[in-house]
Protein chains: 2
Amino acid sequence: MVSVSGLALPLSERAVMLDDGDSLSFCSTCAFSSACLAEGLPKSKLSELHVLVEHIGPFHEGEHIFHEGSPFTAIAAVRAGTVKTYVTDASGREQVHGFFLPGEVIGLNAISHARYPCNAIALDTVTLCRFSFPAMATLATRMPGLQQQLFRLLSADIGKAALLAGDYSADERMAAFLVTLSRRYAPRGYSANHFQLTMARTDIGNYLRLAAETVSRVLRRFQDEGLVHIERRDVELIDRARLDAMAAVVLRN
Amino acid sequence: MVSVSGLALPLSERAVMLDDGDSLSFCSTCAFSSACLAEGLPKSKLSELHVLVEHIGPFHEGEHIFHEGSPFTAIAAVRAGTVKTYVTDASGREQVHGFFLPGEVIGLNAISHARYPCNAIALDTVTLCRFSFPAMATLATRMPGLQQQLFRLLSADIGKAALLAGDYSADERMAAFLVTLSRRYAPRGYSANHFQLTMARTDIGNYLRLAAETVSRVLRRFQDEGLVHIERRDVELIDRARLDAMAAVVLRN
DNA sequence: CGTTCTTTTGATAGCTCTCAAGTCGCGTGG
DNA sequence: CCACGCGACTTGAGAGCTATCAAAAGAACG
């Protein structure tokens with residue numbers, strides 16, 4: 001829980017990484033790819049965007065990327081690893097807001113209050129692309145495509161937050177969770193039906209608003225019913241059709 | 001449920017209202033006021049923004065303002081009345097996403113998919129300020145203040161959606177609902193502790209993810225405990241301190 | 001190889017939902 | 001003006017889903 005001293009504001013203070021040579025293969029799957037890699041844009045503008053980007057990390061499991069209440073300076077795209085965002089309520093219980101996989105953007109909900117409204121922590125080894133938000137907003141006035149992309153990202157996050165707000169059964173929530181993970185992993189080159197959970201059962205429960213025990217029981221039953229095969233954090237989706245059907249109630253498709 | 005023919009796309013098709021002379025007193029409480037009324041801006045730019053605005057309505061109780069799946073063209077600020085946004089799930093049950101009071105903005109969650117992801121319906125007589133979004137985005141590239149305002153509005157909506165997603169008791173949800181209404185009415189010139197509910201118990205339940213009967217019971221108990229005085233849709237907050245305390249669990253302040 | 005955390009499994013309790021009936025208010029029409 | 005009818009709201013009883021408490025099994029780590 002306690003952050004390592006000196007890393008209290010890591011998203012703004014961390015040393016920039018040397019180029020690891022993997023930029024391009026990552027960028028093509030990132031949420032900013034259409035802006036970063038836009039082929040129709042003049043090279044001068046593209047380089048302006050790339051100048052904004054700082055590769056930071058690695059953050060190790062349990063390290064915080066930002067804390068609730070810290071001044072907002074930057075958003076960041078996940079390059080590698082998984083980030084969990086969460087808040088701790090009055091009674092000390094954790095409420096997980098979301099998990100962010102490679103290519104996804106953290107910090108968007110901090111714009112309105114100029115402070116991060118939640119904590120962000122690395123669930124495994126995480127590297128990030130950091131974008132100074134003031135600089136990015138300024139650039140967006142000259143790059144309508146970038147502005148559009150930011151509007152779209154923000155708007156999409158409104159919808160994501162609304163999804164889990166519905167009153168669904170434990171089964172529906174769990175199915176939606178698994179299917180969503182699959183749909184986010186697949187386009188990034190991971191297997192759609194076989195992946196590793198990077199978060200604990202407790203985290204899943206705090207995200208889905210279920211007790212960790214309920215998570216365990218539902219997964220057990222899903223396995224008994226032939227929907228999935230699960231061993232520790234290794235997940236294989238077996239009956240994808242039925243899972244999709246259960247998840248559809250939540251995901252609306 | 002069925003929209004009056006010819007009004008299927010009212011937000012984009014409705015006739016523009018004549019100026020009712022009340023623009024300024026409304027605008028000062030609207031979410032765009034800082035942009036619309038910005039005093040530091042050149043008059044040329046201000047007039048550009050005002051040109052974007054179309055006053056539309058009135059919509060009467062039960063009339064739809066937009067439908068789920070309709071092409072997204074515009075966002076709108078509520079001028080008068082209350083708007084409810086909702087979706088209907090597979091089993092035919094309504095999930096209310098939010099209530100929008102005068103000064104608040106609807107349609108922001110439609111940007112990412114270029115379609116409205118939910119329905120919007122008037123709970124009483126509603127008038128709106130319509131903003132063509134493409135035009136507004138274009139203007140935002142020349143008005144950094146407007147762009148900032150849009151980013152902030154979008155970002156704030158992410159947080160609003162996340163609030164109700166937590167697992168709170170019926171009492172906490174209801175207290176948060178009442179306190180939030182009060183806090184939104186007050187700065188718009190309404191009484192902070194005495195106001196009318198514009199929505200049915202059913203709507204409140206579908207918003208808070210409670211059965212309508214539970215809403216009724218909780219309100220009854222709040223009254224028995226001296227927290228509020230309620231008669232039909234007339235609400236008076238009595239013990240504001242205790243209500244705030246209960247709501248704080250949800251609202252995080 | 002012991003310690004610790006994670007996960008699983010079981011038993012019980014509790015909150016809220018569902019079903020059902022009854023009350024109230026309001027608009028309509030006689 | 002009043003009776004009627006419909007929808008909104010209230011109130012009660014019982015069931016169900018999930019949380020909580022408790023304990024044990026299993027994996028990870030030094």
# chains A, B, ... in the order shown; residues from 1 in each chain; ligands from 1
call {"tool": "select_by_dssp", "arguments": {"residues": "range 37-218 of chain A", "states": "helix (DSSP H, G or I)", "output": "VMD selection string"}}
result
chain A and resid 43 to 52 108 to 110 133 to 142 144 to 163 170 to 188 201 to 208 212 to 218
call {"tool": "closest_atom_pairs", "arguments": {"of": "chain C", "to": "range 3-12 of chain D", "cutoff": "10 Å", "atoms": "only C-alpha atoms (C1' of nucleotides)", "output": "JSON lines"}}
result
{"residue": "C:DA20", "atom": "C1'", "partner": "D:DG12", "partner_atom": "C1'", "distance": 8.7}
{"residue": "C:DA21", "atom": "C1'", "partner": "D:DG12", "partner_atom": "C1'", "distance": 8.6}
{"residue": "C:DG22", "atom": "C1'", "partner": "D:DT11", "partner_atom": "C1'", "distance": 8.0}
{"residue": "C:DT23", "atom": "C1'", "partner": "D:DT10", "partner_atom": "C1'", "distance": 7.0}
{"residue": "C:DC24", "atom": "C1'", "partner": "D:DC9", "partner_atom": "C1'", "distance": 7.4}
{"residue": "C:DG25", "atom": "C1'", "partner": "D:DA8", "partner_atom": "C1'", "distance": 8.2}
{"residue": "C:DC26", "atom": "C1'", "partner": "D:DG7", "partner_atom": "C1'", "distance": 9.2}
{"residue": "C:DG27", "atom": "C1'", "partner": "D:DC6", "partner_atom": "C1'", "distance": 9.2}
{"residue": "C:DT28", "atom": "C1'", "partner": "D:DC4", "partner_atom": "C1'", "distance": 8.4}
{"residue": "C:DG29", "atom": "C1'", "partner": "D:DC4", "partner_atom": "C1'", "distance": 8.4}
{"residue": "C:DG30", "atom": "C1'", "partner": "D:DA3", "partner_atom": "C1'", "distance": 8.2}
call {"tool": "interface_residues", "arguments": {"of": "chain D", "to": "chain A", "cutoff": "10 Å", "atoms": "only C-alpha atoms (C1' of nucleotides)", "output": "list in words"}}
result
DC17, DT18, DA19, DT20 and DA27 of chain D
call {"tool": "write_last_selection", "arguments": {"atoms": "N, CA and C atoms (P, O5', C5', C4', C3', O3' and C1' of nucleotides)", "output": "compact mmCIF listing (two decimals), in the first residue's frame"}}
result
# COMPACT_ATOMS: atom_id res chain seq x y z
P DC D 17 -31.44 -17.44 -7.07
O5' DC D 17 -30.29 -16.34 -7.09
C5' DC D 17 -30.62 -14.98 -7.31
C4' DC D 17 -29.66 -14.12 -6.53
C3' DC D 17 -28.20 -14.52 -6.69
O3' DC D 17 -27.47 -13.40 -7.13
C1' DC D 17 -28.76 -14.32 -4.38
P DT D 18 -25.97 -13.56 -7.63
O5' DT D 18 -25.15 -13.03 -6.38
C5' DT D 18 -25.48 -11.76 -5.84
C4' DT D 18 -24.92 -11.62 -4.45
C3' DT D 18 -23.42 -11.92 -4.32
O3' DT D 18 -22.77 -10.73 -3.90
C1' DT D 18 -24.68 -12.93 -2.57
P DA D 19 -21.25 -10.76 -3.34
O5' DA D 19 -21.50 -10.68 -1.77
C5' DA D 19 -22.27 -9.60 -1.25
C4' DA D 19 -22.20 -9.57 0.27
C3' DA D 19 -20.79 -9.56 0.85
O3' DA D 19 -20.76 -8.69 1.98
C1' DA D 19 -21.92 -11.54 1.52
P DT D 20 -19.39 -8.43 2.74
O5' DT D 20 -19.41 -9.47 3.95
C5' DT D 20 -20.51 -9.50 4.83
C4' DT D 20 -20.37 -10.67 5.79
C3' DT D 20 -18.98 -10.84 6.40
O3' DT D 20 -19.09 -10.80 7.82
C1' DT D 20 -19.81 -12.90 5.58
P DA D 27 -1.07 -26.68 -6.23
O5' DA D 27 -0.22 -25.33 -6.22
C5' DA D 27 -0.73 -24.20 -6.93
C4' DA D 27 -0.02 -22.94 -6.47
C3' DA D 27 1.46 -22.86 -6.85
O3' DA D 27 1.68 -21.62 -7.49
C1' DA D 27 1.18 -22.40 -4.55
call {"tool": "interface_residues", "arguments": {"of": "chain A", "to": "chain C", "cutoff": "12 Å", "atoms": "only C-alpha atoms (C1' of nucleotides)", "output": "PyMOL selection string"}}
result
chain A and resi 167+199-203+212-220+231-233
call {"tool": "interface_residues", "arguments": {"of": "chain B", "to": "chain A", "cutoff": "8 Å", "atoms": "only C-alpha atoms", "output": "NGL selection string"}}
result
:B and (89-90 or 95 or 97 or 108-113 or 137-138 or 140-142 or 144 or 148 or 151-159 or 161-162 or 164-167 or 209 or 249 or 252)
call {"tool": "select_by_dssp", "arguments": {"residues": "range 97-253 of chain B", "states": "strand (DSSP E or B)", "output": "JSON, numbers by chain"}}
result
{"B": [97, 98, 99, 100, 105, 106, 115, 119, 120, 121, 122, 126, 127, 128, 129, 130, 131, 132, 194, 195, 196, 228, 229, 230, 231, 234, 235, 236, 237]}
